[in-house]
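> My structure is in structure16.cif, and what it holds is mmCIF, C-alpha atoms, pLDDT in the B column; chains and numbers go by the auth columns:
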```cif
data_data
#
loop_
_atom_site.group_PDB
_atom_site.id
_atom_site.type_symbol
_atom_site.label_atom_id
_atom_site.label_comp_id
_atom_site.label_asym_id
_atom_site.label_seq_id
_atom_site.Cartn_x
_atom_site.Cartn_y
_atom_site.Cartn_z
_atom_site.B_iso_or_equiv
_atom_site.auth_seq_id
_atom_site.auth_asym_id
ATOM 1 C CA MET A 1 12.095 32.032 -11.443 40.00 1 A
ATOM 2 C CA LYS A 2 10.424 32.565 -8.114 47.00 2 A
ATOM 3 C CA ASP A 3 12.574 32.796 -4.974 51.00 3 A
ATOM 4 C CA TYR A 4 11.520 30.218 -2.400 52.00 4 A
ATOM 5 C CA SER A 5 14.396 30.877 0.007 59.00 5 A
ATOM 6 C CA VAL A 6 12.422 32.316 2.892 69.00 6 A
ATOM 7 C CA THR A 7 12.631 31.810 6.612 86.00 7 A
ATOM 8 C CA ALA A 8 9.657 30.054 8.140 87.00 8 A
ATOM 9 C CA PRO A 9 8.005 31.733 11.094 90.00 9 A
ATOM 10 C CA SER A 10 8.466 30.071 14.452 90.00 10 A
ATOM 11 C CA ILE A 11 5.651 27.958 15.863 90.00 11 A
ATOM 12 C CA LYS A 12 5.394 30.501 18.674 92.00 12 A
ATOM 13 C CA GLU A 13 4.870 33.291 16.133 92.00 13 A
ATOM 14 C CA VAL A 14 2.332 31.179 14.201 93.00 14 A
ATOM 15 C CA TYR A 15 0.208 30.482 17.258 93.00 15 A
ATOM 16 C CA LYS A 16 -0.057 34.202 18.051 94.00 16 A
ATOM 17 C CA ASN A 17 -1.911 34.816 14.786 95.00 17 A
ATOM 18 C CA PRO A 18 -5.085 32.883 13.846 96.00 18 A
ATOM 19 C CA TRP A 19 -4.526 33.615 10.139 96.00 19 A
ATOM 20 C CA LEU A 20 -1.049 32.058 10.337 96.00 20 A
ATOM 21 C CA ILE A 21 -2.414 29.031 12.207 97.00 21 A
ATOM 22 C CA PHE A 22 -4.821 28.486 9.342 98.00 22 A
ATOM 23 C CA THR A 23 -2.513 29.251 6.391 97.00 23 A
ATOM 24 C CA THR A 24 0.380 27.176 7.759 97.00 24 A
ATOM 25 C CA PHE A 25 -2.114 24.376 8.522 98.00 25 A
ATOM 26 C CA PHE A 26 -1.392 24.408 12.248 97.00 26 A
ATOM 27 C CA GLY A 27 2.345 24.864 11.705 96.00 27 A
ATOM 28 C CA ALA A 28 2.945 22.138 9.077 97.00 28 A
ATOM 29 C CA GLY A 29 4.179 24.851 6.713 95.00 29 A
ATOM 30 C CA CYS A 30 6.893 25.792 9.198 95.00 30 A
ATOM 31 C CA LEU A 31 8.644 22.447 8.756 95.00 31 A
ATOM 32 C CA THR A 32 11.719 22.493 6.558 91.00 32 A
ATOM 33 C CA PRO A 33 12.977 21.590 4.085 92.00 33 A
ATOM 34 C CA GLY A 34 10.055 21.462 1.694 93.00 34 A
ATOM 35 C CA PRO A 35 7.164 23.058 3.583 96.00 35 A
ATOM 36 C CA GLY A 36 4.816 22.355 0.644 96.00 36 A
ATOM 37 C CA THR A 37 5.599 18.659 0.893 97.00 37 A
ATOM 38 C CA TRP A 38 5.062 18.691 4.653 97.00 38 A
ATOM 39 C CA GLY A 39 1.784 20.528 4.136 98.00 39 A
ATOM 40 C CA SER A 40 0.683 18.010 1.505 98.00 40 A
ATOM 41 C CA PHE A 41 1.363 15.052 3.770 98.00 41 A
ATOM 42 C CA ALA A 42 -0.291 16.825 6.713 98.00 42 A
ATOM 43 C CA ALA A 43 -3.344 17.289 4.470 98.00 43 A
ATOM 44 C CA TRP A 44 -3.321 13.578 3.656 98.00 44 A
ATOM 45 C CA LEU A 45 -3.093 12.684 7.358 98.00 45 A
ATOM 46 C CA ALA A 46 -5.966 15.054 8.173 98.00 46 A
ATOM 47 C CA PHE A 47 -8.003 13.480 5.362 98.00 47 A
ATOM 48 C CA LEU A 48 -7.312 9.985 6.730 98.00 48 A
ATOM 49 C CA ILE A 49 -8.610 11.117 10.136 98.00 49 A
ATOM 50 C CA LEU A 50 -11.527 13.333 9.110 98.00 50 A
ATOM 51 C CA GLU A 51 -13.029 11.414 6.189 97.00 51 A
ATOM 52 C CA PRO A 52 -14.000 8.318 8.217 96.00 52 A
ATOM 53 C CA LEU A 53 -15.429 10.544 10.967 97.00 53 A
ATOM 54 C CA GLY A 54 -17.561 12.838 8.814 96.00 54 A
ATOM 55 C CA GLY A 55 -17.700 11.242 5.382 95.00 55 A
ATOM 56 C CA ARG A 56 -16.997 12.660 1.965 96.00 56 A
ATOM 57 C CA GLY A 57 -19.693 15.300 2.312 96.00 57 A
ATOM 58 C CA LEU A 58 -17.823 16.846 5.232 97.00 58 A
ATOM 59 C CA MET A 59 -14.557 16.731 3.282 98.00 59 A
ATOM 60 C CA TRP A 60 -16.153 18.525 0.312 98.00 60 A
ATOM 61 C CA ILE A 61 -17.494 21.206 2.648 98.00 61 A
ATOM 62 C CA LEU A 62 -14.105 21.597 4.378 98.00 62 A
ATOM 63 C CA THR A 63 -12.294 21.743 1.035 98.00 63 A
ATOM 64 C CA ILE A 64 -14.558 24.496 -0.301 98.00 64 A
ATOM 65 C CA LEU A 65 -14.485 26.435 2.996 98.00 65 A
ATOM 66 C CA CYS A 66 -10.692 26.205 3.227 98.00 66 A
ATOM 67 C CA PHE A 67 -10.403 27.485 -0.343 98.00 67 A
ATOM 68 C CA ILE A 68 -12.622 30.497 0.392 98.00 68 A
ATOM 69 C CA VAL A 69 -10.992 31.271 3.744 98.00 69 A
ATOM 70 C CA GLY A 70 -7.548 30.768 2.162 97.00 70 A
ATOM 71 C CA VAL A 71 -8.258 33.443 -0.436 97.00 71 A
ATOM 72 C CA ILE A 72 -9.120 35.824 2.432 97.00 72 A
ATOM 73 C CA ALA A 73 -6.415 34.708 4.902 97.00 73 A
ATOM 74 C CA ILE A 74 -3.347 34.720 2.660 96.00 74 A
ATOM 75 C CA PRO A 75 -3.269 38.513 2.146 95.00 75 A
ATOM 76 C CA LYS A 76 -3.734 38.980 5.901 94.00 76 A
ATOM 77 C CA CYS A 77 -0.504 37.027 6.474 93.00 77 A
ATOM 78 C CA GLU A 78 1.531 39.164 4.108 87.00 78 A
ATOM 79 C CA ALA A 79 2.126 41.826 6.792 83.00 79 A
ATOM 80 C CA VAL A 80 3.695 39.252 9.107 88.00 80 A
ATOM 81 C CA LEU A 81 5.497 37.126 6.497 92.00 81 A
ATOM 82 C CA LYS A 82 6.524 40.053 4.245 89.00 82 A
ATOM 83 C CA LYS A 83 5.503 38.025 1.185 89.00 83 A
ATOM 84 C CA MET A 84 2.159 37.057 -0.336 85.00 84 A
ATOM 85 C CA ASP A 85 3.090 33.508 -1.411 88.00 85 A
ATOM 86 C CA HIS A 86 5.428 32.697 1.455 93.00 86 A
ATOM 87 C CA GLY A 87 6.726 29.115 1.496 93.00 87 A
ATOM 88 C CA SER A 88 5.180 28.431 4.899 95.00 88 A
ATOM 89 C CA ILE A 89 1.681 29.076 3.538 96.00 89 A
ATOM 90 C CA VAL A 90 0.415 25.582 2.754 97.00 90 A
ATOM 91 C CA ILE A 91 -3.362 25.923 2.904 98.00 91 A
ATOM 92 C CA ASP A 92 -3.265 25.946 -0.904 97.00 92 A
ATOM 93 C CA GLU A 93 -1.593 22.519 -0.866 98.00 93 A
ATOM 94 C CA VAL A 94 -4.134 21.283 1.696 98.00 94 A
ATOM 95 C CA VAL A 95 -7.090 22.278 -0.466 98.00 95 A
ATOM 96 C CA ALA A 96 -5.523 20.812 -3.604 98.00 96 A
ATOM 97 C CA VAL A 97 -4.588 17.524 -1.918 98.00 97 A
ATOM 98 C CA TRP A 98 -8.091 17.134 -0.472 98.00 98 A
ATOM 99 C CA PHE A 99 -9.528 17.823 -3.935 98.00 99 A
ATOM 100 C CA VAL A 100 -7.272 15.104 -5.393 98.00 100 A
ATOM 101 C CA LEU A 101 -8.110 12.618 -2.634 98.00 101 A
ATOM 102 C CA LEU A 102 -11.824 13.196 -3.113 98.00 102 A
ATOM 103 C CA LEU A 103 -11.646 12.455 -6.841 97.00 103 A
ATOM 104 C CA CYS A 104 -8.981 9.762 -7.224 96.00 104 A
ATOM 105 C CA PRO A 105 -9.653 6.028 -6.756 96.00 105 A
ATOM 106 C CA THR A 106 -10.057 4.915 -3.167 94.00 106 A
ATOM 107 C CA GLY A 107 -7.307 3.137 -1.269 94.00 107 A
ATOM 108 C CA LEU A 108 -3.994 4.090 0.281 96.00 108 A
ATOM 109 C CA PHE A 109 -1.984 3.283 -2.851 96.00 109 A
ATOM 110 C CA TRP A 110 -4.037 5.676 -4.987 97.00 110 A
ATOM 111 C CA GLN A 111 -4.009 8.318 -2.265 97.00 111 A
ATOM 112 C CA LEU A 112 -0.215 8.145 -1.993 98.00 112 A
ATOM 113 C CA ALA A 113 0.062 8.254 -5.783 98.00 113 A
ATOM 114 C CA GLY A 114 -2.213 11.307 -5.813 98.00 114 A
ATOM 115 C CA VAL A 115 -0.145 13.147 -3.202 98.00 115 A
ATOM 116 C CA LEU A 116 3.161 12.358 -4.924 98.00 116 A
ATOM 117 C CA VAL A 117 1.935 13.253 -8.415 98.00 117 A
ATOM 118 C CA PHE A 118 0.434 16.452 -6.998 98.00 118 A
ATOM 119 C CA ARG A 119 3.804 17.395 -5.474 98.00 119 A
ATOM 120 C CA PHE A 120 5.393 16.926 -8.906 98.00 120 A
ATOM 121 C CA PHE A 121 2.876 19.183 -10.655 97.00 121 A
ATOM 122 C CA ASP A 122 2.953 21.732 -7.815 95.00 122 A
ATOM 123 C CA ILE A 123 6.721 22.027 -8.152 94.00 123 A
ATOM 124 C CA VAL A 124 6.851 21.958 -11.976 94.00 124 A
ATOM 125 C CA LYS A 125 4.057 24.572 -12.382 90.00 125 A
ATOM 126 C CA LEU A 126 2.649 23.851 -15.831 91.00 126 A
ATOM 127 C CA PRO A 127 0.491 26.518 -17.486 90.00 127 A
ATOM 128 C CA PRO A 128 -1.647 28.238 -16.387 87.00 128 A
ATOM 129 C CA ALA A 129 -0.204 27.742 -12.880 81.00 129 A
ATOM 130 C CA ALA A 130 3.200 29.071 -13.971 78.00 130 A
ATOM 131 C CA GLY A 131 1.684 32.331 -15.178 81.00 131 A
ATOM 132 C CA LEU A 132 -0.315 32.732 -11.987 79.00 132 A
ATOM 133 C CA ASP A 133 2.702 31.919 -9.843 76.00 133 A
ATOM 134 C CA ASN A 134 4.980 34.397 -11.640 77.00 134 A
ATOM 135 C CA GLY A 135 2.419 37.198 -12.037 78.00 135 A
ATOM 136 C CA PRO A 136 0.925 39.593 -9.505 83.00 136 A
ATOM 137 C CA GLN A 137 0.081 37.703 -6.329 87.00 137 A
ATOM 138 C CA SER A 138 -3.189 37.652 -4.413 91.00 138 A
ATOM 139 C CA GLY A 139 -4.964 35.172 -2.179 93.00 139 A
ATOM 140 C CA TRP A 140 -6.856 33.991 -5.258 95.00 140 A
ATOM 141 C CA THR A 141 -3.732 33.322 -7.381 94.00 141 A
ATOM 142 C CA VAL A 142 -1.950 31.534 -4.542 94.00 142 A
ATOM 143 C CA MET A 143 -4.930 29.223 -4.032 96.00 143 A
ATOM 144 C CA ILE A 144 -5.882 28.617 -7.663 95.00 144 A
ATOM 145 C CA ASP A 145 -2.414 27.705 -8.970 93.00 145 A
ATOM 146 C CA ASP A 146 -2.454 24.614 -6.745 96.00 146 A
ATOM 147 C CA VAL A 147 -5.940 23.734 -7.981 96.00 147 A
ATOM 148 C CA PHE A 148 -4.478 23.601 -11.501 96.00 148 A
ATOM 149 C CA ALA A 149 -1.748 21.266 -10.235 97.00 149 A
ATOM 150 C CA ALA A 150 -4.526 19.135 -8.700 98.00 150 A
ATOM 151 C CA LEU A 151 -6.354 19.012 -12.039 98.00 151 A
ATOM 152 C CA TYR A 152 -3.203 17.790 -13.814 98.00 152 A
ATOM 153 C CA THR A 153 -2.777 15.235 -11.033 98.00 153 A
ATOM 154 C CA LEU A 154 -6.321 13.962 -11.453 98.00 154 A
ATOM 155 C CA LEU A 155 -5.815 13.587 -15.205 98.00 155 A
ATOM 156 C CA VAL A 156 -2.702 11.471 -14.667 98.00 156 A
ATOM 157 C CA VAL A 157 -3.839 9.375 -11.689 97.00 157 A
ATOM 158 C CA ASN A 158 -7.347 8.741 -12.997 96.00 158 A
ATOM 159 C CA GLY A 159 -5.978 8.151 -16.503 96.00 159 A
ATOM 160 C CA VAL A 160 -3.646 5.434 -15.218 96.00 160 A
ATOM 161 C CA ALA A 161 -6.454 3.955 -13.112 95.00 161 A
ATOM 162 C CA TRP A 162 -8.845 3.853 -16.084 94.00 162 A
ATOM 163 C CA LEU A 163 -6.161 2.201 -18.235 94.00 163 A
ATOM 164 C CA LEU A 164 -5.737 -0.477 -15.563 93.00 164 A
ATOM 165 C CA VAL A 165 -9.470 -1.041 -15.488 91.00 165 A
ATOM 166 C CA TYR A 166 -9.712 -1.193 -19.270 90.00 166 A
ATOM 167 C CA PHE A 167 -6.633 -3.269 -20.139 91.00 167 A
ATOM 168 C CA LEU A 168 -6.147 -5.385 -17.017 89.00 168 A
ATOM 169 C CA ASN A 169 -9.760 -5.638 -15.898 86.00 169 A
ATOM 170 C CA ALA A 170 -8.681 -4.235 -12.535 84.00 170 A
ATOM 171 C CA GLU A 171 -11.376 -3.536 -9.985 85.00 171 A
ATOM 172 C CA LEU A 172 -11.048 0.014 -8.757 83.00 172 A
ATOM 173 C CA MET A 173 -13.539 2.147 -6.934 85.00 173 A
ATOM 174 C CA TRP A 174 -14.184 5.861 -7.089 85.00 174 A
ATOM 175 C CA LYS A 175 -16.281 7.370 -4.346 86.00 175 A
ATOM 176 C CA VAL A 176 -17.193 11.036 -4.797 78.00 176 A
ATOM 177 C CA PHE A 177 -19.738 11.330 -1.960 74.00 177 A
#
```
Using structure tokens, write down the structure from this file.


Amino acid sequence: MKDYSVTAPSIKEVYKNPWLIFTTFFGAGCLTPGPGTWGSFAAWLAFLILEPLGGRGLMWILTILCFIVGVIAIPKCEAVLKKMDHGSIVIDEVVAVWFVLLLCPTGLFWQLAGVLVFRFFDIVKLPPAAGLDNGPQSGWTVMIDDVFAALYTLLVVNGVAWLLVYFLNAELMWKVF
């Protein structure tokens, strides 16, 4: 089992390093306990602010850019944090949460459900995320294991939503772009 008992860098230390600013999502990953949960909710808050301002197209672009930059930035933080998948690195949660929010039904209830179900799958680490998480670490593996948790989340949340539509004739809306 992976050891998550690490000390978060101070906000002062984070703001001296642009890679740490990015990977901790402006310090959200320095909050304890549960930096991944803090990062996930910070991602949701950022989505609630940015999506109305720039639309879904902007959020797709930001999600893809953050994934790519995350793959590059995470190894650059290893020298400072002394660990590749340090608990304070939450850009992987940010990307995964934005991916979930872009593909789950619209509305605050479904967004909250998406974030909470994502946290469950991110913590549980079903295959192939478990293998990636326990194997050799790189920026790619750190980022992609949360994408797998997001995919499981989308299966559950969208599955429940589709069942509600089918059996209860509920009116739900999905908005990809």

> Could you produce a table of the residues of stretch 32-100 of chain A lying within 8 Å of stretch 127-144 of chain A, with the nearest pair of atoms per residue and their separation in Å rounded to one decimal, using only C-alpha atoms, ordered by chain and increasing residue number, as a Markdown table?


```
| residue | atom | partner | partner_atom | distance |
| --- | --- | --- | --- | --- |
| A:Phe67 | CA | A:Met143 | CA | 6.8 |
| A:Gly70 | CA | A:Gly139 | CA | 6.7 |
| A:Val71 | CA | A:Gly139 | CA | 4.1 |
| A:Ile72 | CA | A:Gly139 | CA | 6.2 |
| A:Ala73 | CA | A:Gly139 | CA | 7.2 |
| A:Ile74 | CA | A:Gly139 | CA | 5.1 |
| A:Pro75 | CA | A:Gly139 | CA | 5.7 |
| A:Met84 | CA | A:Gln137 | CA | 6.4 |
| A:Asp85 | CA | A:Val142 | CA | 6.3 |
| A:Ile91 | CA | A:Met143 | CA | 7.8 |
| A:Asp92 | CA | A:Met143 | CA | 4.8 |
```

> Closest to A:Ala28 among A:Ile89, A:Ile61, A:Val156, A:Cys77, using all atoms listed in the file?

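Distance minimum relative to A:Ala28 lands on A:Ile89.
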
> To one decimal place, how far is atom CA of A:Thr32 from atom CA of A:Phe120 in Å?

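Calculated distance between atom CA of A:Thr32 and atom CA of A:Phe120 is 17.6 Å.
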
> May I have the centre and edge lengths, in Å to one decimal, of an axis-aligned box around the listed atoms of stretch 101-105 of chain A with 8 Å added to every side, as lines of an AutoDock Vina configuration file?


```
center_x = -10.0
center_y = 9.6
center_z = -4.9
size_x = 19.7
size_y = 23.2
size_z = 20.6
```

> Counting only C-alpha atoms, which of A:Gly87, A:Gly54, A:Gly159, A:Gly114 gets nearest to A:Val100?

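Between A:Gly87, A:Gly54, A:Gly159, A:Gly114, the residue approaching A:Val100 most closely is A:Gly114.
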
> Can you work out the spacing between atom CA of A:Phe25 and atom CA of A:Val94 in Å, to one decimal?

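These two atoms are separated by 7.8 Å.
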